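Visitor: The file below is input.cif, mmCIF, C-alpha atoms:
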```cif
data_final
#
loop_
_atom_site.label_atom_id
_atom_site.label_comp_id
_atom_site.auth_asym_id
_atom_site.auth_seq_id
_atom_site.Cartn_x
_atom_site.Cartn_y
_atom_site.Cartn_z
CA MET A 100 178.55 41.65 -9.43
CA ALA A 101 175.90 43.25 -7.27
CA LYS A 102 176.61 46.30 -5.15
CA LEU A 103 175.57 46.91 -1.56
CA ALA A 104 173.97 50.29 -2.11
CA GLY A 105 172.77 51.14 1.38
CA VAL A 106 172.04 49.85 4.87
CA PHE A 107 169.19 51.23 6.95
CA ALA A 108 167.22 50.62 10.14
CA SER A 109 163.82 51.70 11.37
CA SER A 110 161.35 51.15 14.18
CA HIS A 111 157.94 49.83 13.19
CA ALA A 112 155.59 50.68 16.07
CA PRO A 113 152.02 49.58 15.18
CA LEU A 114 150.47 52.58 16.92
CA ILE A 115 152.11 54.81 14.30
CA ILE A 116 149.22 53.49 12.21
CA ARG A 117 146.40 52.50 14.49
CA GLY A 118 146.94 55.12 17.16
CA TRP A 119 148.29 57.99 15.08
CA LYS A 120 145.58 60.48 16.06
CA ASP A 121 146.56 60.08 19.71
CA VAL A 122 150.24 60.86 19.08
CA LYS A 123 151.24 64.33 20.30
CA PRO A 124 151.80 66.79 17.43
CA ALA A 125 155.50 67.24 18.26
CA ASN A 126 156.05 63.48 18.19
CA GLN A 127 154.00 63.17 15.01
CA GLN A 128 156.32 65.73 13.46
CA ASP A 129 159.46 63.92 14.63
CA LEU A 130 158.23 60.53 13.43
CA ARG A 131 157.01 61.85 10.10
CA ARG A 132 160.29 63.69 9.53
CA ALA A 133 162.40 60.63 10.40
CA LEU A 134 160.37 58.23 8.26
CA THR A 135 160.39 60.64 5.34
CA GLU A 136 164.17 61.06 5.59
CA LEU A 137 164.61 57.30 5.88
CA GLY A 138 162.58 56.84 2.72
CA ARG A 139 164.49 59.58 0.95
CA ARG A 140 167.82 57.93 1.76
CA ILE A 141 166.60 54.50 0.65
CA LYS A 142 165.32 55.95 -2.62
CA ALA A 143 168.61 57.83 -3.09
CA ALA A 144 170.42 54.48 -2.86
CA ARG A 145 168.39 53.40 -5.94
CA PRO A 146 168.04 49.76 -4.89
CA ASP A 147 166.98 47.25 -7.51
CA VAL A 148 166.23 44.88 -4.63
CA LEU A 149 165.69 45.53 -0.93
CA VAL A 150 166.65 42.86 1.59
CA GLU A 151 164.50 43.46 4.64
CA ILE A 152 165.16 41.98 8.08
CA ALA A 153 162.21 42.01 10.47
CA PRO A 154 160.49 39.80 13.04
CA ASP A 155 157.29 37.88 12.45
CA HIS A 156 154.53 38.98 14.83
CA TRP A 157 152.71 35.63 14.94
CA VAL A 158 151.57 35.88 11.34
CA ASN A 159 153.61 33.21 9.55
CA PHE A 160 154.94 31.14 12.43
CA PHE A 161 153.72 29.67 15.70
CA ILE A 162 155.33 27.73 18.54
CA ASP A 163 154.74 24.45 16.67
CA ASN A 164 157.28 25.60 14.08
CA LEU A 165 159.32 28.65 14.92
CA PRO A 166 162.45 29.21 12.85
CA GLY A 167 165.30 31.28 14.23
CA ILE A 168 165.98 32.83 10.84
CA CYS A 169 163.91 32.33 7.69
CA ILE A 170 164.61 33.58 4.17
CA GLY A 171 161.61 34.45 1.99
CA MET A 172 162.25 32.76 -1.37
CA GLY A 173 158.93 33.58 -3.03
CA GLU A 174 158.29 35.34 -6.30
CA GLU A 175 155.57 37.19 -4.46
CA HIS A 176 154.75 37.88 -0.82
CA GLU A 177 151.44 38.80 0.73
CA GLY A 178 150.98 42.28 2.16
CA PRO A 179 150.14 42.78 5.83
CA ALA A 180 147.28 40.75 7.27
CA GLU A 181 146.52 42.93 10.27
CA PRO A 182 143.05 44.51 9.87
CA TRP A 183 144.38 47.89 10.99
CA MET A 184 146.90 47.79 8.12
CA LYS A 185 144.07 47.69 5.57
CA ASP A 186 145.06 51.07 4.10
CA CYS A 187 148.61 49.93 3.42
CA PRO A 188 149.05 50.14 -0.37
CA PHE A 189 151.12 46.95 -0.56
CA LYS A 190 148.70 44.04 -1.00
CA LYS A 191 151.08 41.87 -3.06
CA ILE A 192 154.82 42.44 -2.85
CA SER A 193 157.27 41.17 -5.44
CA GLY A 194 160.12 38.98 -4.27
CA HIS A 195 163.48 38.15 -5.84
CA PRO A 196 163.93 34.36 -5.73
CA LYS A 197 167.35 34.40 -7.42
CA LEU A 198 168.94 36.74 -4.90
CA ALA A 199 167.12 34.94 -2.06
CA ASN A 200 168.57 31.64 -3.26
CA HIS A 201 172.06 33.14 -3.55
CA ILE A 202 171.80 34.38 0.04
CA LEU A 203 170.64 30.91 1.09
CA GLN A 204 173.52 29.17 -0.70
CA THR A 205 176.05 31.62 0.71
CA ALA A 206 174.63 31.06 4.19
CA ILE A 207 174.96 27.28 3.86
CA GLU A 208 178.52 27.61 2.54
CA ARG A 209 179.37 29.77 5.55
CA ASP A 210 177.91 27.22 8.02
CA PHE A 211 174.64 29.02 8.78
CA GLU A 212 171.39 27.05 8.91
CA PRO A 213 168.51 29.30 7.82
CA SER A 214 165.08 27.93 7.11
CA VAL A 215 163.19 29.05 4.03
CA SER A 216 159.65 29.96 3.13
CA HIS A 217 158.30 30.11 -0.41
CA HIS A 218 155.30 32.20 0.60
CA LEU A 219 155.46 34.74 3.40
CA THR A 220 153.03 37.33 4.62
CA LEU A 221 154.88 40.55 5.42
CA ASP A 222 153.30 42.04 8.51
CA HIS A 223 153.50 45.56 9.91
CA GLY A 224 157.11 45.00 10.93
CA PHE A 225 158.06 44.84 7.28
CA CYS A 226 155.50 47.22 5.86
CA ILE A 227 155.18 50.25 8.13
CA PRO A 228 158.65 51.66 7.29
CA LEU A 229 158.09 50.95 3.57
CA TRP A 230 154.67 52.57 3.62
CA LYS A 231 155.43 55.59 5.78
CA GLY A 232 158.83 56.04 4.17
CA GLY A 233 156.98 56.63 0.90
CA LEU A 234 158.61 53.73 -0.95
CA ASP A 235 155.91 53.34 -3.55
CA PRO A 236 156.55 51.75 -6.01
CA LEU A 237 158.50 49.20 -4.05
CA PRO A 238 161.56 47.43 -5.36
CA PRO A 239 161.37 43.64 -5.09
CA ILE A 240 161.84 42.53 -1.49
CA VAL A 241 163.84 39.61 -0.13
CA PRO A 242 162.43 39.25 3.38
CA ILE A 243 164.51 37.67 6.13
CA VAL A 244 162.58 36.91 9.30
CA PHE A 245 164.59 36.97 12.52
CA ASN A 246 162.82 35.44 15.50
CA ASP A 247 162.83 38.30 18.02
CA LEU A 248 159.53 37.43 19.69
CA GLU A 249 159.77 34.08 21.43
CA PRO A 250 162.90 32.45 22.90
CA PRO A 251 165.22 30.94 21.89
CA TYR A 252 166.46 33.97 20.00
CA PRO A 253 169.50 34.01 17.73
CA SER A 254 172.44 35.27 19.76
CA VAL A 255 173.53 38.88 19.29
CA ARG A 256 176.92 37.72 18.02
CA ARG A 257 175.27 35.37 15.53
CA CYS A 258 173.17 38.24 14.20
CA LEU A 259 176.31 40.29 13.67
CA GLN A 260 177.86 37.36 11.79
CA TRP A 261 174.67 37.02 9.76
CA GLY A 262 175.05 40.58 8.63
CA THR A 263 178.65 40.01 7.57
CA MET A 264 177.60 36.96 5.58
CA LEU A 265 174.66 38.81 4.06
CA ALA A 266 176.92 41.58 2.75
CA GLU A 267 179.21 38.95 1.25
CA ALA A 268 176.24 37.25 -0.39
CA ILE A 269 175.12 40.52 -1.94
CA ARG A 270 178.58 41.41 -3.21
CA THR A 271 179.04 37.99 -4.81
CA TYR A 272 175.66 37.90 -6.52
CA PRO A 273 176.58 37.55 -10.19
CA GLN A 274 174.35 40.25 -11.60
CA ASP A 275 174.95 43.97 -11.88
CA ILE A 276 172.24 45.19 -9.52
CA ARG A 277 172.05 47.52 -6.53
CA VAL A 278 170.87 45.96 -3.28
CA ALA A 279 169.97 47.76 -0.05
CA ILE A 280 169.28 46.34 3.40
CA LEU A 281 166.59 47.59 5.77
CA ALA A 282 166.40 46.20 9.31
CA THR A 283 163.30 46.99 11.36
CA GLY A 284 162.28 46.83 15.00
CA GLY A 285 163.32 48.24 18.39
CA LEU A 286 164.42 50.27 20.10
CA SER A 287 163.26 49.81 23.72
CA HIS A 288 159.67 48.77 24.27
CA SER A 289 157.64 46.25 26.16
CA ILE A 290 154.54 44.51 24.84
CA GLY A 291 152.17 42.37 26.93
CA GLU A 292 154.49 42.47 29.93
CA PRO A 293 154.10 44.19 33.32
CA THR A 294 156.42 46.90 32.00
CA MET A 295 154.24 47.50 28.94
CA GLY A 296 154.49 51.12 27.83
CA GLU A 297 157.86 51.73 29.47
CA ILE A 298 160.57 53.22 27.23
CA ASP A 299 164.17 53.13 28.45
CA GLU A 300 165.68 56.17 26.76
CA PRO A 301 169.06 55.88 28.56
CA PHE A 302 169.31 52.31 27.19
CA ASP A 303 168.37 53.50 23.71
CA ARG A 304 170.91 56.34 23.78
CA GLU A 305 173.67 54.04 25.00
CA CYS A 306 172.75 51.49 22.35
CA ILE A 307 172.98 54.19 19.67
CA ARG A 308 176.39 55.24 21.01
CA HIS A 309 177.64 51.68 20.67
CA PHE A 310 176.45 51.54 17.06
CA GLU A 311 178.13 54.89 16.42
CA ASN A 312 181.51 54.00 17.89
CA GLY A 313 181.61 50.73 15.96
CA ASP A 314 183.33 48.67 18.68
CA GLU A 315 181.90 45.23 18.05
CA ARG A 316 182.85 43.74 21.40
CA LYS A 317 181.36 46.60 23.42
CA LEU A 318 178.12 46.48 21.41
CA VAL A 319 177.75 42.73 21.85
CA ASP A 320 178.63 42.84 25.56
CA PHE A 321 176.24 45.71 26.15
CA LEU A 322 173.33 43.98 24.44
CA ASN A 323 174.06 40.61 26.03
CA GLU A 324 174.02 42.24 29.44
CA ARG A 325 171.09 44.61 28.97
CA LEU A 326 168.61 42.95 26.61
CA PRO A 327 167.47 40.41 29.24
CA THR A 328 166.79 43.24 31.69
CA ILE A 329 164.48 45.44 29.63
CA GLY A 330 161.24 45.08 27.68
CA ASN A 331 160.78 42.24 25.22
CA GLY A 332 160.48 44.50 22.18
CA ALA A 333 164.13 45.48 22.42
CA ALA A 334 164.97 41.95 21.28
CA GLU A 335 164.34 43.33 17.79
CA ILE A 336 167.60 45.30 18.04
CA ARG A 337 169.13 42.03 16.84
CA ASN A 338 167.97 43.09 13.38
CA TRP A 339 169.88 46.35 13.69
CA VAL A 340 172.91 44.32 14.75
CA ALA A 341 172.67 42.28 11.55
CA ALA A 342 172.51 45.52 9.55
CA HIS A 343 175.55 46.75 11.48
CA GLY A 344 177.40 43.58 10.54
CA ALA A 345 176.45 44.04 6.89
CA ALA A 346 177.85 47.58 7.03
CA ASP A 347 181.11 46.21 8.42
CA ARG A 348 180.39 47.75 11.83
CA ARG A 349 181.07 51.31 10.68
CA GLY A 350 179.34 54.40 9.43
CA PHE A 351 176.23 54.44 11.68
CA GLU A 352 174.27 57.67 11.39
CA LEU A 353 171.21 58.36 13.50
CA ILE A 354 168.42 59.84 11.38
CA GLY A 355 166.17 60.40 14.35
CA TYR A 356 165.14 59.19 17.78
CA CYS A 357 161.74 59.79 19.34
CA ASN A 358 160.85 58.68 22.85
CA CYS A 359 157.16 58.31 22.05
CA PRO A 360 155.04 56.99 24.93
CA GLU A 361 151.90 57.22 22.79
CA VAL A 362 153.20 54.39 20.59
CA TYR A 363 154.94 52.58 23.50
CA VAL A 364 158.26 52.58 21.63
CA GLY A 365 161.58 54.38 21.72
CA CYS A 366 161.58 54.90 17.96
CA GLY A 367 164.90 54.96 16.16
CA PHE A 368 165.80 55.49 12.50
CA ALA A 369 169.27 55.13 11.06
CA SER A 370 171.45 54.57 8.06
CA TRP A 371 175.05 53.46 7.67
CA ASN A 372 177.35 55.62 5.59
CA LEU A 373 179.04 52.93 3.54
CA ALA A 374 181.55 55.40 2.14
CA ALA A 375 182.85 55.84 5.69
CA ARG A 376 183.91 52.20 5.81
CA ALA A 377 187.31 52.81 4.26
CA MET B 2 156.59 27.36 30.24
CA ARG B 3 154.17 27.92 27.40
CA ASP B 4 150.74 26.31 27.45
CA TYR B 5 150.39 25.03 23.90
CA TRP B 6 146.60 25.00 23.53
CA LEU B 7 146.18 28.33 25.25
CA SER B 8 148.78 29.74 22.88
CA LYS B 9 147.00 28.11 19.93
CA LEU B 10 143.67 29.64 20.96
CA PHE B 11 145.22 33.10 21.20
CA PHE B 12 147.14 32.63 17.94
CA ASP B 13 144.03 31.52 16.04
CA LEU B 14 141.92 34.35 17.38
CA GLN B 15 144.39 37.06 16.38
CA SER B 16 144.87 35.42 12.97
CA SER B 17 141.22 35.47 11.91
CA ALA B 18 138.94 38.49 12.12
CA PRO B 19 135.77 36.37 11.62
CA LEU B 20 136.85 34.00 14.40
CA GLY B 21 137.45 37.00 16.63
CA GLU B 22 133.94 38.28 15.93
CA GLU B 23 132.50 34.85 16.66
CA TYR B 24 134.46 34.73 19.91
CA ARG B 25 133.21 38.11 21.07
CA ALA B 26 129.65 37.01 20.32
CA GLY B 27 130.02 33.90 22.50
CA ARG B 28 133.19 32.39 23.89
CA LYS B 29 131.89 28.95 24.87
CA LYS B 30 131.51 27.56 21.35
CA ILE B 31 135.09 28.51 20.45
CA LEU B 32 136.60 27.43 23.76
CA ASP B 33 134.98 23.99 23.35
CA ARG B 34 137.20 23.39 20.30
CA TYR B 35 140.42 23.58 22.33
CA PRO B 36 141.55 20.96 24.88
CA LEU B 37 142.35 23.53 27.53
CA LYS B 38 143.11 22.38 31.06
CA PRO B 39 140.13 23.22 33.31
CA GLU B 40 142.06 25.78 35.33
CA VAL B 41 143.33 27.46 32.15
CA ARG B 42 139.88 27.62 30.63
CA ALA B 43 138.49 29.07 33.84
CA ALA B 44 141.19 31.75 33.79
CA VAL B 45 140.28 32.63 30.20
CA GLU B 46 136.61 32.87 31.14
CA ARG B 47 137.32 35.25 34.00
CA ASP B 48 139.94 37.34 32.05
CA ASP B 49 142.59 36.47 34.62
CA VAL B 50 145.59 38.22 33.09
CA ALA B 51 147.87 37.31 36.01
CA PHE B 52 147.18 33.60 35.61
CA LEU B 53 147.49 33.60 31.83
CA ALA B 54 150.57 35.83 31.48
CA PRO B 55 153.25 33.26 32.39
CA ARG B 56 151.67 30.65 30.11
CA VAL B 57 151.72 32.46 26.79
CA ASN B 58 153.97 34.74 24.76
CA PRO B 59 153.43 38.37 25.86
CA TYR B 60 152.62 39.55 22.33
CA LEU B 61 149.94 36.87 22.00
CA LEU B 62 148.58 37.84 25.41
CA ARG B 63 148.30 41.44 24.30
CA PHE B 64 146.81 40.54 20.88
CA TYR B 65 144.28 38.22 22.54
CA PHE B 66 142.89 40.86 24.86
CA VAL B 67 142.60 43.30 21.96
CA VAL B 68 140.56 40.68 20.07
CA ALA B 69 138.55 39.83 23.19
CA GLY B 70 137.55 43.48 23.48
CA MET B 71 139.26 44.43 26.73
CA PRO B 72 139.86 48.20 26.86
CA GLU B 73 143.54 49.11 26.67
CA ALA B 74 143.57 50.88 30.04
CA GLU B 75 142.07 47.82 31.74
CA PHE B 76 144.63 45.51 30.14
CA LEU B 77 147.51 47.77 31.15
CA ARG B 78 146.23 47.90 34.73
CA LYS B 79 145.82 44.14 34.91
CA VAL B 80 149.13 43.22 33.32
CA ARG B 81 150.99 45.68 35.57
CA THR B 82 149.20 44.35 38.64
CA ALA B 83 150.14 40.84 37.55
CA GLY B 84 153.77 41.90 37.42
CA ALA B 85 153.63 43.51 40.82
CA ALA B 86 152.03 40.37 42.28
CA ALA B 87 154.70 38.16 40.73
CA ALA B 88 157.44 40.42 42.08
CA ALA B 89 155.89 40.30 45.55
CA ARG B 90 155.71 36.50 45.44
CA SER B 91 159.31 36.40 44.28
CA SER B 92 160.51 38.69 47.06
CA HIS B 93 158.87 36.38 49.58
CA GLY B 94 160.94 33.47 48.27
#
```
What would you get if you wrote out this structure as structure tokens?

Guide:
Amino acid sequence: MAKLAGVFASSHAPLIIRGWKDVKPANQQDLRRALTELGRRIKAARPDVLVEIAPDHWVNFFIDNLPGICIGMGEEHEGPAEPWMKDCPFKKISGHPKLANHILQTAIERDFEPSVSHHLTLDHGFCIPLWKGGLDPLPPIVPIVFNDLEPPYPSVRRCLQWGTMLAEAIRTYPQDIRVAILATGGLSHSIGEPTMGEIDEPFDRECIRHFENGDERKLVDFLNERLPTIGNGAAEIRNWVAAHGAADRRGFELIGYCNCPEVYVGCGFASWNLAARA
Amino acid sequence: MRDYWLSKLFFDLQSSAPLGEEYRAGRKKILDRYPLKPEVRAAVERDDVAFLAPRVNPYLLRFYFVVAGMPEAEFLRKVRTAGAAAAARSSHG
């Protein structure tokens, strides 16, 4: 059987790439340190496959067909399409159709209704943490797109349940491989809204505290109450919630937090200590 | 409520670098391909962020004005003004 070898989360602010020269040196240092440590921890988990949960930033889907959750089944995915991601080393990214299909079948058995795609383009949301975390060569990726950009979003509770199911799917995969999960997005930010550029550090810190204390009800209540009141980018914290569910709601460790106005994002990086689950 | 064809225009422009270049060289030819409502098209032509913002996903709004060549500071000023105007309208019932 497969082993869940690690669970991780990372912000993916585009301006880390296309506005890097304008980031203050101290913030550059914090971001570089956090991404490097994130990459180190993922590599230390020695994943044979990485399941990555991220939003789609209007690359694969549009409002004529907008899945809530979509599993990437392909043998190969395209690298990022954004012109400013042209230096990203990942032009073609290997998939893992067998594990993707096992996750799909487990989801159906557990009364979830994911959509599937047999050919996804993995945009900056997937690729910035992989690239800047130094994960080259990449393990095969099973991408799971959560719609965090355009309502209706999956509910916070459903994302938590998705994570629980995902961990079960990994542990019941009938092959002796190591699988890690990386969720990307958040924390607070606002894009294309009147509040664009605003970072709500008190929200971010409280959110982190809820992940740390592991109380599922308080985390869900907090996010249900606060997500509608802050910038749209924080909707991506749903992906962290799924990771939290996969880690059985325990063992959250903050790798780093950087309130970085130059990239418009309260950037967070984390891993879950799976040994702490007992 | 989203305006479908406005959203489609913005989506297509941010999806294709050549289309973006063509658009910056002359908007009319591209705009003619989309059945935009007259008032929506007029708002696009005058870069009316306040009018467009409620009709399209905020990420697409932001991506569109990057493609259209609006300087970041100008977009931030306009989108924030749009928010202030909406709040003022709201506070007046």

Visitor: Could you name the residues that touch Pro146 (chain A) at 6 Å or less, counting all atoms listed in the file, but leaving out those on the same chain fewer than 6 positions away, as a ChimeraX atom specification?

Guide: /A:277-279

Visitor: Restrict the selected residues to C-alpha atoms and save them as a JSON list (two decimals), keeping the file's coordinate frame.

Guide:
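Generated output (selection-v3.json):
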```
[["chain", "number", "residue", "atom", "x", "y", "z"],
["A", 277, "ARG", "CA", 172.05, 47.52, -6.53],
["A", 278, "VAL", "CA", 170.87, 45.96, -3.28],
["A", 279, "ALA", "CA", 169.97, 47.76, -0.05]]
```

Visitor: Quick one: which residues end up in the PyMOL selection byres ((chain A) within 10 of (chain B)) for this structure, as a list in words?

Guide: His156, Trp157, Val158, Asn159, Phe160, Phe161, Ile162, Asp163, Ala180, Glu181, Pro182, Leu248, Glu249, Pro250, Ser289, Ile290, Gly291, Glu292, Pro293, Thr294, Met295, Gly296, Asn331 and Gly332 of chain A

Visitor: Suppose we keep C-alpha atoms; can you now write the selection as a PDB file, in the coordinates of the input?

Guide:
```pdb
ATOM      1  CA  HIS A 156     154.530  38.980  14.830  1.00  0.00           C
ATOM      2  CA  TRP A 157     152.710  35.630  14.940  1.00  0.00           C
ATOM      3  CA  VAL A 158     151.570  35.880  11.340  1.00  0.00           C
ATOM      4  CA  ASN A 159     153.610  33.210   9.550  1.00  0.00           C
ATOM      5  CA  PHE A 160     154.940  31.140  12.430  1.00  0.00           C
ATOM      6  CA  PHE A 161     153.720  29.670  15.700  1.00  0.00           C
ATOM      7  CA  ILE A 162     155.330  27.730  18.540  1.00  0.00           C
ATOM      8  CA  ASP A 163     154.740  24.450  16.670  1.00  0.00           C
ATOM      9  CA  ALA A 180     147.280  40.750   7.270  1.00  0.00           C
ATOM     10  CA  GLU A 181     146.520  42.930  10.270  1.00  0.00           C
ATOM     11  CA  PRO A 182     143.050  44.510   9.870  1.00  0.00           C
ATOM     12  CA  LEU A 248     159.530  37.430  19.690  1.00  0.00           C
ATOM     13  CA  GLU A 249     159.770  34.080  21.430  1.00  0.00           C
ATOM     14  CA  PRO A 250     162.900  32.450  22.900  1.00  0.00           C
ATOM     15  CA  SER A 289     157.640  46.250  26.160  1.00  0.00           C
ATOM     16  CA  ILE A 290     154.540  44.510  24.840  1.00  0.00           C
ATOM     17  CA  GLY A 291     152.170  42.370  26.930  1.00  0.00           C
ATOM     18  CA  GLU A 292     154.490  42.470  29.930  1.00  0.00           C
ATOM     19  CA  PRO A 293     154.100  44.190  33.320  1.00  0.00           C
ATOM     20  CA  THR A 294     156.420  46.900  32.000  1.00  0.00           C
ATOM     21  CA  MET A 295     154.240  47.500  28.940  1.00  0.00           C
ATOM     22  CA  GLY A 296     154.490  51.120  27.830  1.00  0.00           C
ATOM     23  CA  ASN A 331     160.780  42.240  25.220  1.00  0.00           C
ATOM     24  CA  GLY A 332     160.480  44.500  22.180  1.00  0.00           C
TER      25      GLY A 332
END
```

Visitor: Point out the residue among B:Ala26, B:Met71, B:Leu53, B:Leu20 with the least atom-to-atom distance to Asp4 (chain B), counting all atoms listed in the file.

Guide: B:Leu53

Visitor: Which residues are close to Val340 (chain A), i.e. within 8 Å by all atoms listed in the file, leaving aside same-chain residues fewer than 5 positions away? Reply as a list of chain:residue names.

Guide: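 Residues near the query, excluding close chain neighbours: A:Val255, A:Cys258, A:Leu259, A:Gly262.
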
Visitor: Restricting the calculation to all atoms listed in the file, which member of B:Tyr24, B:Glu75, B:Lys29, B:Tyr35 is positioned closest to Asp49 (chain B)?

Guide: B:Glu75

Visitor: Rounded to one decimal place, report the CA of Ile276 (chain A)-CA of Glu311 (chain A) distance in Å.

Guide: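 If I compute the distance from CA of Ile276 (chain A) to CA of Glu311 (chain A), I get 28.3 Å.
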
Visitor: What is the CA of Val241 (chain A) to CA of Val150 (chain A) distance in Å?

Guide: 4.6 Å

Visitor: Please, what distance in Å, to one decimal, runs between CA of Val319 (chain A) and CA of Phe351 (chain A)?

Guide: 15.6 Å

Visitor: Could you list, as JSON, numbers by chain, every residue matched by the PyMOL selection byres ((chain B and resi 32) around 12) in this structure?

Guide: {"B": [6, 7, 9, 10, 11, 13, 14, 20, 21, 23, 24, 25, 27, 28, 29, 30, 31, 33, 34, 35, 36, 37, 38, 39, 41, 42, 43, 44, 45, 46]}
